[in-house]
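The data block below is data.cif; it holds mmCIF, C-alpha atoms and all ligand atoms.
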```cif
data_query
loop_
_atom_site.group_PDB
_atom_site.id
_atom_site.type_symbol
_atom_site.label_atom_id
_atom_site.label_comp_id
_atom_site.auth_asym_id
_atom_site.auth_seq_id
_atom_site.Cartn_x
_atom_site.Cartn_y
_atom_site.Cartn_z
ATOM 1 C CA GLN A 3 4.912 36.862 -60.273
ATOM 2 C CA SER A 4 7.522 39.542 -60.763
ATOM 3 C CA THR A 5 5.840 42.886 -61.307
ATOM 4 C CA SER A 6 7.234 46.311 -62.039
ATOM 5 C CA VAL A 7 5.461 48.628 -59.604
ATOM 6 C CA PRO A 8 6.030 51.832 -61.629
ATOM 7 C CA GLU A 9 4.624 50.080 -64.695
ATOM 8 C CA MET A 10 1.665 48.632 -62.814
ATOM 9 C CA LEU A 11 0.649 52.069 -61.531
ATOM 10 C CA GLU A 12 1.155 53.832 -64.870
ATOM 11 C CA GLU A 13 -0.984 51.197 -66.518
ATOM 12 C CA VAL A 14 -3.884 51.520 -64.108
ATOM 13 C CA ALA A 15 -3.833 55.296 -64.667
ATOM 14 C CA ASP A 16 -3.784 54.680 -68.429
ATOM 15 C CA ARG A 17 -6.763 52.323 -68.295
ATOM 16 C CA PHE A 18 -8.821 55.123 -66.776
ATOM 17 C CA SER A 19 -7.353 58.094 -68.652
ATOM 18 C CA PHE A 20 -10.435 58.474 -70.845
ATOM 19 C CA GLN A 21 -12.832 58.507 -67.900
ATOM 20 C CA MET A 22 -10.628 60.957 -66.048
ATOM 21 C CA ARG A 23 -10.341 63.260 -69.026
ATOM 22 C CA LYS A 24 -14.136 63.261 -69.396
ATOM 23 C CA LYS A 25 -14.407 64.669 -65.869
ATOM 24 C CA SER A 26 -11.322 66.877 -66.144
ATOM 25 C CA ILE A 27 -9.743 64.943 -63.301
ATOM 26 C CA ARG A 28 -5.972 65.145 -63.145
ATOM 27 C CA SER A 29 -4.012 62.197 -61.907
ATOM 28 C CA THR A 30 -0.472 61.752 -60.709
ATOM 29 C CA VAL A 31 1.483 58.573 -60.162
ATOM 30 C CA ARG A 32 4.382 58.564 -57.723
ATOM 31 C CA VAL A 33 6.645 55.695 -56.813
ATOM 32 C CA GLU A 34 9.073 56.143 -53.961
ATOM 33 C CA ASP A 35 12.748 55.699 -54.665
ATOM 34 C CA GLY A 36 14.050 52.181 -54.894
ATOM 35 C CA ILE A 37 10.751 50.445 -55.579
ATOM 36 C CA LYS A 38 11.006 48.410 -58.748
ATOM 37 C CA HIS A 39 10.054 44.789 -59.185
ATOM 38 C CA VAL A 40 8.137 42.985 -56.477
ATOM 39 C CA LEU A 41 6.573 39.569 -56.326
ATOM 40 C CA LEU A 42 2.796 39.706 -56.360
ATOM 41 C CA ASP A 43 -0.183 38.362 -58.243
ATOM 42 C CA ARG A 44 -0.519 41.013 -60.897
ATOM 43 C CA ASP A 45 -4.011 40.094 -62.151
ATOM 44 C CA GLN A 46 -5.517 40.101 -58.700
ATOM 45 C CA ILE A 47 -3.859 43.316 -57.620
ATOM 46 C CA ASP A 48 -4.924 44.971 -60.879
ATOM 47 C CA GLN A 49 -8.493 44.071 -60.002
ATOM 48 C CA VAL A 50 -8.090 45.805 -56.634
ATOM 49 C CA LEU A 51 -6.473 48.894 -58.168
ATOM 50 C CA ASP A 52 -9.113 49.111 -60.894
ATOM 51 C CA ASN A 53 -11.829 49.204 -58.294
ATOM 52 C CA LEU A 54 -10.081 51.811 -56.171
ATOM 53 C CA VAL A 55 -9.372 54.084 -59.118
ATOM 54 C CA SER A 56 -12.860 53.675 -60.566
ATOM 55 C CA ASN A 57 -14.313 54.587 -57.173
ATOM 56 C CA ALA A 58 -12.028 57.597 -56.943
ATOM 57 C CA ILE A 59 -13.292 58.790 -60.337
ATOM 58 C CA LYS A 60 -16.957 58.015 -59.666
ATOM 59 C CA TYR A 61 -17.012 59.833 -56.344
ATOM 60 C CA THR A 62 -14.923 62.848 -57.321
ATOM 61 C CA LEU A 63 -16.438 65.935 -58.903
ATOM 62 C CA ASP A 64 -15.256 67.399 -62.190
ATOM 63 C CA GLY A 65 -11.899 69.079 -61.929
ATOM 64 C CA GLY A 66 -10.729 66.973 -58.999
ATOM 65 C CA ARG A 67 -7.420 65.225 -58.455
ATOM 66 C CA ILE A 68 -6.396 61.611 -57.968
ATOM 67 C CA GLU A 69 -3.030 60.515 -56.662
ATOM 68 C CA ILE A 70 -1.650 56.990 -56.881
ATOM 69 C CA VAL A 71 1.399 56.442 -54.707
ATOM 70 C CA ALA A 72 3.583 53.460 -53.934
ATOM 71 C CA SER A 73 5.759 53.410 -50.846
ATOM 72 C CA ARG A 74 7.637 50.864 -48.821
ATOM 73 C CA PRO A 75 6.604 51.053 -45.151
ATOM 74 C CA ASP A 76 9.117 48.305 -44.361
ATOM 75 C CA PRO A 77 11.532 46.178 -46.405
ATOM 76 C CA SER A 78 9.105 43.315 -46.902
ATOM 77 C CA SER A 79 5.931 45.169 -47.750
ATOM 78 C CA ILE A 80 4.590 47.630 -50.214
ATOM 79 C CA ALA A 81 1.838 50.169 -49.710
ATOM 80 C CA ILE A 82 -0.254 51.540 -52.545
ATOM 81 C CA ARG A 83 -2.358 54.565 -51.845
ATOM 82 C CA VAL A 84 -5.204 55.889 -53.989
ATOM 83 C CA LYS A 85 -6.160 59.356 -52.885
ATOM 84 C CA ASP A 86 -8.960 61.499 -54.285
ATOM 85 C CA THR A 87 -10.390 64.965 -53.700
ATOM 86 C CA GLY A 88 -13.944 63.645 -53.899
ATOM 87 C CA ILE A 89 -17.147 63.745 -51.916
ATOM 88 C CA GLY A 90 -15.774 61.617 -49.103
ATOM 89 C CA ILE A 91 -17.608 59.215 -46.807
ATOM 90 C CA SER A 92 -19.295 60.120 -43.559
ATOM 91 C CA ARG A 93 -18.166 58.529 -40.324
ATOM 92 C CA LYS A 94 -21.421 56.620 -40.020
ATOM 93 C CA ASP A 95 -20.959 54.955 -43.426
ATOM 94 C CA LEU A 96 -17.238 54.291 -43.051
ATOM 95 C CA SER A 97 -17.703 51.195 -40.927
ATOM 96 C CA ARG A 98 -19.971 49.556 -43.501
ATOM 97 C CA ILE A 99 -18.217 50.481 -46.692
ATOM 98 C CA PHE A 100 -16.523 47.090 -47.080
ATOM 99 C CA ASP A 101 -19.808 45.197 -46.637
ATOM 100 C CA ARG A 102 -21.135 43.415 -49.677
ATOM 101 C CA PHE A 103 -23.675 45.492 -51.614
ATOM 102 C CA TYR A 104 -23.300 48.444 -49.263
ATOM 103 C CA ARG A 105 -23.496 51.759 -51.055
ATOM 104 C CA VAL A 106 -23.840 55.209 -49.558
ATOM 105 C CA ASP A 107 -27.068 56.966 -50.517
ATOM 106 C CA LYS A 108 -28.862 54.358 -52.628
ATOM 107 C CA ALA A 109 -30.739 56.871 -54.780
ATOM 108 C CA ARG A 110 -27.672 58.795 -55.746
ATOM 109 C CA SER A 111 -25.508 55.762 -56.352
ATOM 110 C CA ARG A 112 -28.165 54.039 -58.460
ATOM 111 C CA ASN A 113 -27.491 56.573 -61.240
ATOM 112 C CA MET A 114 -23.804 56.056 -60.721
ATOM 113 C CA GLY A 115 -23.761 52.406 -61.747
ATOM 114 C CA GLY A 116 -22.181 49.564 -59.845
ATOM 115 C CA THR A 117 -23.271 46.902 -57.402
ATOM 116 C CA GLY A 118 -21.526 47.829 -54.175
ATOM 117 C CA LEU A 119 -19.327 44.759 -54.393
ATOM 118 C CA GLY A 120 -16.082 46.372 -55.480
ATOM 119 C CA LEU A 121 -14.611 47.148 -52.084
ATOM 120 C CA SER A 122 -15.660 43.864 -50.510
ATOM 121 C CA ILE A 123 -14.002 41.960 -53.355
ATOM 122 C CA ALA A 124 -10.932 44.169 -53.036
ATOM 123 C CA ARG A 125 -10.731 43.358 -49.354
ATOM 124 C CA GLU A 126 -11.092 39.616 -50.014
ATOM 125 C CA ILE A 127 -8.235 39.706 -52.506
ATOM 126 C CA VAL A 128 -5.982 41.774 -50.274
ATOM 127 C CA LYS A 129 -6.707 39.501 -47.300
ATOM 128 C CA ALA A 130 -5.962 36.412 -49.371
ATOM 129 C CA HIS A 131 -2.555 37.958 -50.047
ATOM 130 C CA GLY A 132 -1.928 38.497 -46.370
ATOM 131 C CA GLY A 133 -2.317 42.246 -46.693
ATOM 132 C CA THR A 134 -4.558 44.936 -45.289
ATOM 133 C CA ILE A 135 -6.782 47.601 -46.787
ATOM 134 C CA ALA A 136 -7.597 50.780 -44.896
ATOM 135 C CA LEU A 137 -9.865 53.638 -45.800
ATOM 136 C CA ASP A 138 -9.591 57.139 -44.518
ATOM 137 C CA SER A 139 -12.090 59.790 -45.507
ATOM 138 C CA GLU A 140 -13.296 63.281 -44.808
ATOM 139 C CA PRO A 141 -16.707 64.323 -46.187
ATOM 140 C CA ASN A 142 -16.310 66.981 -48.904
ATOM 141 C CA GLU A 143 -12.526 66.709 -48.681
ATOM 142 C CA GLY A 144 -11.711 63.343 -50.124
ATOM 143 C CA THR A 145 -10.824 59.744 -49.530
ATOM 144 C CA THR A 146 -7.587 57.803 -49.248
ATOM 145 C CA VAL A 147 -7.476 54.036 -49.549
ATOM 146 C CA THR A 148 -4.238 52.323 -48.576
ATOM 147 C CA VAL A 149 -3.480 48.756 -49.558
ATOM 148 C CA THR A 150 -0.512 47.196 -47.798
ATOM 149 C CA LEU A 151 0.839 43.937 -49.157
ATOM 150 C CA PRO A 152 3.665 41.686 -48.150
ATOM 151 C CA ALA A 153 5.831 41.913 -51.248
ATOM 152 C CA LEU A 154 9.412 40.862 -51.465
ATOM 153 C CA GLN A 155 11.546 42.966 -53.715
ATOM 154 C CA GLU A 156 13.201 40.823 -56.319
ATOM 155 C CA GLY A 157 16.809 40.179 -55.455
ATOM 156 C CA GLY A 158 16.293 41.057 -51.796
ATOM 157 C CA ALA A 159 15.124 44.035 -49.832
ATOM 158 C CA ALA A 160 17.994 46.281 -50.837
ATOM 159 C CA SER A 161 17.948 45.931 -54.607
HETATM 160 P P1 LIG B 201 -18.994 48.517 -57.778
HETATM 161 O O1 LIG B 201 -17.599 48.682 -57.242
HETATM 162 O O2 LIG B 201 -19.547 47.170 -57.528
HETATM 163 O O3 LIG B 201 -19.095 48.974 -59.182
HETATM 164 P P2 LIG B 201 -19.561 50.617 -55.943
HETATM 165 O O4 LIG B 201 -18.383 51.381 -56.464
HETATM 166 O O5 LIG B 201 -20.776 51.405 -55.578
HETATM 167 O O6 LIG B 201 -19.975 49.491 -56.977
HETATM 168 P P3 LIG B 201 -17.830 49.742 -53.783
HETATM 169 O O7 LIG B 201 -16.624 49.929 -54.646
HETATM 170 O O8 LIG B 201 -17.891 48.519 -52.940
HETATM 171 O O9 LIG B 201 -19.173 49.775 -54.648
HETATM 172 O O10 LIG B 201 -17.985 50.993 -52.832
HETATM 173 C C1 LIG B 201 -19.050 51.001 -51.868
HETATM 174 C C2 LIG B 201 -19.552 52.400 -51.620
HETATM 175 O O11 LIG B 201 -18.547 53.137 -50.951
HETATM 176 C C3 LIG B 201 -19.829 53.212 -52.887
HETATM 177 O O12 LIG B 201 -21.123 52.971 -53.376
HETATM 178 C C4 LIG B 201 -19.665 54.637 -52.394
HETATM 179 O O13 LIG B 201 -20.839 55.059 -51.750
HETATM 180 C C5 LIG B 201 -18.577 54.496 -51.341
HETATM 181 N N1 LIG B 201 -17.243 54.838 -51.854
HETATM 182 C C6 LIG B 201 -16.296 53.966 -52.311
HETATM 183 N N2 LIG B 201 -15.181 54.586 -52.692
HETATM 184 C C7 LIG B 201 -15.403 55.914 -52.487
HETATM 185 C C8 LIG B 201 -14.609 57.107 -52.681
HETATM 186 N N3 LIG B 201 -13.356 57.065 -53.178
HETATM 187 N N4 LIG B 201 -15.178 58.301 -52.327
HETATM 188 C C9 LIG B 201 -16.434 58.355 -51.823
HETATM 189 N N5 LIG B 201 -17.219 57.271 -51.624
HETATM 190 C C10 LIG B 201 -16.720 56.063 -51.934
HETATM 191 MG MG MG B 202 -16.487 50.363 -56.779
#
```

Taking this structure as input, can you express it in the form of structure tokens?
Ligand code: ATP
Ligand code: MG
Amino acid sequence: QSTSVPEMLEEVADRFSFQMRKKSIRSTVRVEDGIKHVLLDRDQIDQVLDNLVSNAIKYTLDGGRIEIVASRPDPSSIAIRVKDTGIGISRKDLSRIFDRFYRVDKARSRNMGGTGLGLSIAREIVKAHGGTIALDSEPNEGTTVTVTLPALQEGGAAS
């Protein structure tokens, strides 16, 4: 359905504002020029964004930063990037991070809550939409997850 991208991103940030405030994490939302309404399944994409933002909060230390950015890599797709300044993921874990139930450092993440299903569900949803999800991370520097979706801008690519 028709979705306002700026609104969608503001709303995901709002849903987590309490959790971010608790950890003194600052967040910014940025939407590149010209991106307004696109056609996508709002409920499903919200589920993906909620997982990415909750991960970013969970795995970022107090005082960190989270950036949510929408861009248009080409006229018929939209990319949404969730970037954090968190603990990052080592190269050896990166390849398994989308596996069901996979969590880095079981002992640590047990206290953290969660099942290890979030990213695998996110990938299923994104795939079902014909999109891709990519994760880029540097231990102790942070993590960036980029979701790219085919999304036609309402009224054509130029509107
Ligand atoms: P759930 O999403 O089911 O509540 P979860 O967050 O542990 O649990 P996933 O979202 O699938 O599970 O993430 C899998 C694992 O990947 C996490 O347990 C964590 O170790 C690692 N991870 C995910 N996102 C990040 C991130 N932004 N920074 C650092 N590590 C991450
Ligand atoms: Mg998660």

Collect all residues with atoms no farther than 9 Å from ligand LIG 201 (chain B), counting all atoms listed in the file, and output them as a PDB file with C-alpha atoms, in the frame of the given file.
```pdb
ATOM      1  CA  ASN A  53     -11.829  49.204 -58.294  1.00  0.00           C
ATOM      2  CA  LEU A  54     -10.081  51.811 -56.171  1.00  0.00           C
ATOM      3  CA  VAL A  55      -9.372  54.084 -59.118  1.00  0.00           C
ATOM      4  CA  SER A  56     -12.860  53.675 -60.566  1.00  0.00           C
ATOM      5  CA  ASN A  57     -14.313  54.587 -57.173  1.00  0.00           C
ATOM      6  CA  ALA A  58     -12.028  57.597 -56.943  1.00  0.00           C
ATOM      7  CA  ILE A  59     -13.292  58.790 -60.337  1.00  0.00           C
ATOM      8  CA  LYS A  60     -16.957  58.015 -59.666  1.00  0.00           C
ATOM      9  CA  TYR A  61     -17.012  59.833 -56.344  1.00  0.00           C
ATOM     10  CA  THR A  62     -14.923  62.848 -57.321  1.00  0.00           C
ATOM     11  CA  VAL A  84      -5.204  55.889 -53.989  1.00  0.00           C
ATOM     12  CA  LYS A  85      -6.160  59.356 -52.885  1.00  0.00           C
ATOM     13  CA  ASP A  86      -8.960  61.499 -54.285  1.00  0.00           C
ATOM     14  CA  THR A  87     -10.390  64.965 -53.700  1.00  0.00           C
ATOM     15  CA  GLY A  88     -13.944  63.645 -53.899  1.00  0.00           C
ATOM     16  CA  ILE A  89     -17.147  63.745 -51.916  1.00  0.00           C
ATOM     17  CA  GLY A  90     -15.774  61.617 -49.103  1.00  0.00           C
ATOM     18  CA  ILE A  91     -17.608  59.215 -46.807  1.00  0.00           C
ATOM     19  CA  SER A  92     -19.295  60.120 -43.559  1.00  0.00           C
ATOM     20  CA  ASP A  95     -20.959  54.955 -43.426  1.00  0.00           C
ATOM     21  CA  LEU A  96     -17.238  54.291 -43.051  1.00  0.00           C
ATOM     22  CA  ARG A  98     -19.971  49.556 -43.501  1.00  0.00           C
ATOM     23  CA  ILE A  99     -18.217  50.481 -46.692  1.00  0.00           C
ATOM     24  CA  PHE A 100     -16.523  47.090 -47.080  1.00  0.00           C
ATOM     25  CA  ASP A 101     -19.808  45.197 -46.637  1.00  0.00           C
ATOM     26  CA  ARG A 102     -21.135  43.415 -49.677  1.00  0.00           C
ATOM     27  CA  PHE A 103     -23.675  45.492 -51.614  1.00  0.00           C
ATOM     28  CA  TYR A 104     -23.300  48.444 -49.263  1.00  0.00           C
ATOM     29  CA  ARG A 105     -23.496  51.759 -51.055  1.00  0.00           C
ATOM     30  CA  VAL A 106     -23.840  55.209 -49.558  1.00  0.00           C
ATOM     31  CA  ASP A 107     -27.068  56.966 -50.517  1.00  0.00           C
ATOM     32  CA  LYS A 108     -28.862  54.358 -52.628  1.00  0.00           C
ATOM     33  CA  ARG A 110     -27.672  58.795 -55.746  1.00  0.00           C
ATOM     34  CA  SER A 111     -25.508  55.762 -56.352  1.00  0.00           C
ATOM     35  CA  ARG A 112     -28.165  54.039 -58.460  1.00  0.00           C
ATOM     36  CA  MET A 114     -23.804  56.056 -60.721  1.00  0.00           C
ATOM     37  CA  GLY A 115     -23.761  52.406 -61.747  1.00  0.00           C
ATOM     38  CA  GLY A 116     -22.181  49.564 -59.845  1.00  0.00           C
ATOM     39  CA  THR A 117     -23.271  46.902 -57.402  1.00  0.00           C
ATOM     40  CA  GLY A 118     -21.526  47.829 -54.175  1.00  0.00           C
ATOM     41  CA  LEU A 119     -19.327  44.759 -54.393  1.00  0.00           C
ATOM     42  CA  GLY A 120     -16.082  46.372 -55.480  1.00  0.00           C
ATOM     43  CA  LEU A 121     -14.611  47.148 -52.084  1.00  0.00           C
ATOM     44  CA  SER A 122     -15.660  43.864 -50.510  1.00  0.00           C
ATOM     45  CA  ILE A 123     -14.002  41.960 -53.355  1.00  0.00           C
ATOM     46  CA  ALA A 124     -10.932  44.169 -53.036  1.00  0.00           C
ATOM     47  CA  LEU A 137      -9.865  53.638 -45.800  1.00  0.00           C
ATOM     48  CA  SER A 139     -12.090  59.790 -45.507  1.00  0.00           C
ATOM     49  CA  PRO A 141     -16.707  64.323 -46.187  1.00  0.00           C
ATOM     50  CA  GLY A 144     -11.711  63.343 -50.124  1.00  0.00           C
ATOM     51  CA  THR A 145     -10.824  59.744 -49.530  1.00  0.00           C
ATOM     52  CA  THR A 146      -7.587  57.803 -49.248  1.00  0.00           C
ATOM     53  CA  VAL A 147      -7.476  54.036 -49.549  1.00  0.00           C
TER      54      VAL A 147
END
```

Measuring between only C-alpha atoms and all ligand atoms, which one of A:His39, A:Asp52, A:Thr30, A:Ile47 shows the shortest distance to ligand MG 202 (chain B)?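 Of A:His39, A:Asp52, A:Thr30, A:Ile47, the one nearest ligand MG 202 (chain B) is A:Asp52, counting only C-alpha atoms and all ligand atoms.
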
Considering only C-alpha atoms and all ligand atoms, state which residue in the set A:Gln49, A:Ser97, A:Ser4, A:Ser79 is at the smallest distance from ligand MG 202 (chain B).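 Among the listed residues, A:Gln49 lies closest to ligand MG 202 (chain B).
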
To one decimal place, how far is CA of Lys94 (chain A) from CA of Glu126 (chain A) in Å?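 Computing the Euclidean distance for CA of Lys94 (chain A) and CA of Glu126 (chain A) yields 22.3 Å.
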
So the first atom is CA of Ile70 (chain A) and the second is CA of Asp45 (chain A); what is the distance between them in Å, to one decimal place?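 Value for the CA of Ile70 (chain A)-CA of Asp45 (chain A) distance: 17.9 Å.
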
Please indicate the distance in Å from CA of Leu151 (chain A) to CA of Ile68 (chain A), rounded to one decimal place. 21.0 Å

Is it possible to get the residues within 9 Å of (1.9, 50.5, -60.3) (coordinates as in the file, counting all atoms listed in the file) written as a list in words?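 All residues meeting the 9 Å criterion around (1.9, 50.5, -60.3) are Thr5, Ser6, Val7, Pro8, Glu9, Met10, Leu11, Glu12, Glu13, Val14, Ala15, Val31, Arg32, Val33, Asp48, Leu51, Ile70, Val71, Ala72 and Ile82 of chain A.
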
Report as a VMD selection string the full result of the PyMOL selection byres (((chain A and resi 24) around 12) and not hetatm) when it is applied to this structure. chain A and resid 18 to 23 25 to 28 59 to 60 63 to 66

Among the residues A:Arg125, A:Ile37, A:Gln3, A:Leu42, the one that comes closest to ligand MG 202 (chain B) [using only C-alpha atoms and all ligand atoms]: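 Selected residue with least distance to ligand MG 202 (chain B): A:Arg125.
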
Option closest in space to ligand MG 202 (chain B), from A:Val50, A:Glu34, A:Arg17, A:Pro75 [counting all atoms listed in the file]: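 Under the stated criterion, the closest residue is A:Val50.
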
Axis-aligned box over every listed atom of region 13-17 of chain A, padded by 8 Å per side: centre and edges in Å to one decimal, as lines of an AutoDock Vina configuration file?
```
center_x = -3.9
center_y = 53.2
center_z = -66.3
size_x = 21.8
size_y = 20.1
size_z = 20.3
```

If the PyMOL selection byres (((chain A and resi 149) around 8) and not hetatm) is run on the structure shown, which residues does it catch, given as a ChimeraX atom specification? /A:81-83,128,133-136,147-148,150-151

Any chance you could export the current selection's C-alpha atoms as an mmCIF file, keeping the file's coordinate frame?
```cif
data_model
loop_
_atom_site.group_PDB
_atom_site.id
_atom_site.type_symbol
_atom_site.label_atom_id
_atom_site.label_comp_id
_atom_site.auth_asym_id
_atom_site.auth_seq_id
_atom_site.Cartn_x
_atom_site.Cartn_y
_atom_site.Cartn_z
ATOM 1 C CA ALA A 81 1.838 50.169 -49.710
ATOM 2 C CA ILE A 82 -0.254 51.540 -52.545
ATOM 3 C CA ARG A 83 -2.358 54.565 -51.845
ATOM 4 C CA VAL A 128 -5.982 41.774 -50.274
ATOM 5 C CA GLY A 133 -2.317 42.246 -46.693
ATOM 6 C CA THR A 134 -4.558 44.936 -45.289
ATOM 7 C CA ILE A 135 -6.782 47.601 -46.787
ATOM 8 C CA ALA A 136 -7.597 50.780 -44.896
ATOM 9 C CA VAL A 147 -7.476 54.036 -49.549
ATOM 10 C CA THR A 148 -4.238 52.323 -48.576
ATOM 11 C CA THR A 150 -0.512 47.196 -47.798
ATOM 12 C CA LEU A 151 0.839 43.937 -49.157
#
```

Put region 4-55 of chain A into a file with C-alpha atoms, as a compact mmCIF listing (two decimals), in the first residue's frame.
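The result, stored in out28.txt:
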```txt
# COMPACT_ATOMS: atom_id res chain seq x y z
CA SER A 4 0.99 3.63 -0.32
CA THR A 5 3.39 4.55 2.45
CA SER A 6 5.03 7.82 3.37
CA VAL A 7 8.70 6.97 3.88
CA PRO A 8 9.50 10.00 6.08
CA GLU A 9 6.53 9.11 8.28
CA MET A 10 7.42 5.43 8.43
CA LEU A 11 10.95 6.20 9.63
CA GLU A 12 9.87 8.85 12.15
CA GLU A 13 7.38 6.39 13.56
CA VAL A 14 9.86 3.58 14.03
CA ALA A 15 12.17 6.01 15.85
CA ASP A 16 9.22 7.10 18.01
CA ARG A 17 8.30 3.53 18.93
CA PHE A 18 11.77 3.10 20.40
CA SER A 19 12.30 6.58 21.84
CA PHE A 20 11.81 5.40 25.41
CA GLN A 21 14.33 2.58 25.09
CA MET A 22 16.81 4.90 23.43
CA ARG A 23 16.40 7.56 26.08
CA LYS A 24 17.01 4.95 28.79
CA LYS A 25 20.42 4.25 27.25
CA SER A 26 21.12 7.86 26.29
CA ILE A 27 21.28 6.82 22.66
CA ARG A 28 20.67 9.60 20.18
CA SER A 29 18.96 8.85 16.93
CA THR A 30 18.64 10.70 13.67
CA VAL A 31 16.30 10.06 10.78
CA ARG A 32 17.26 11.24 7.31
CA VAL A 33 15.32 10.87 4.10
CA GLU A 34 16.99 11.82 0.86
CA ASP A 35 15.37 14.48 -1.27
CA GLY A 36 12.43 13.47 -3.36
CA ILE A 37 11.48 10.33 -1.45
CA LYS A 38 7.86 10.53 -0.38
CA HIS A 39 5.21 7.91 -0.92
CA VAL A 40 6.16 4.46 -2.13
CA LEU A 41 4.18 1.29 -2.56
CA LEU A 42 5.10 -1.35 -0.02
CA ASP A 43 3.57 -3.58 2.61
CA ARG A 44 3.76 -1.29 5.59
CA ASP A 45 3.06 -3.87 8.32
CA GLN A 46 5.70 -6.26 7.08
CA ILE A 47 8.33 -3.60 6.57
CA ASP A 48 7.58 -2.18 10.03
CA GLN A 49 8.33 -5.62 11.44
CA VAL A 50 11.72 -5.59 9.69
CA LEU A 51 12.53 -2.05 10.85
CA ASP A 52 11.47 -2.81 14.42
CA ASN A 53 13.87 -5.70 14.55
CA LEU A 54 16.75 -3.72 13.07
CA VAL A 55 16.24 -0.78 15.41
```
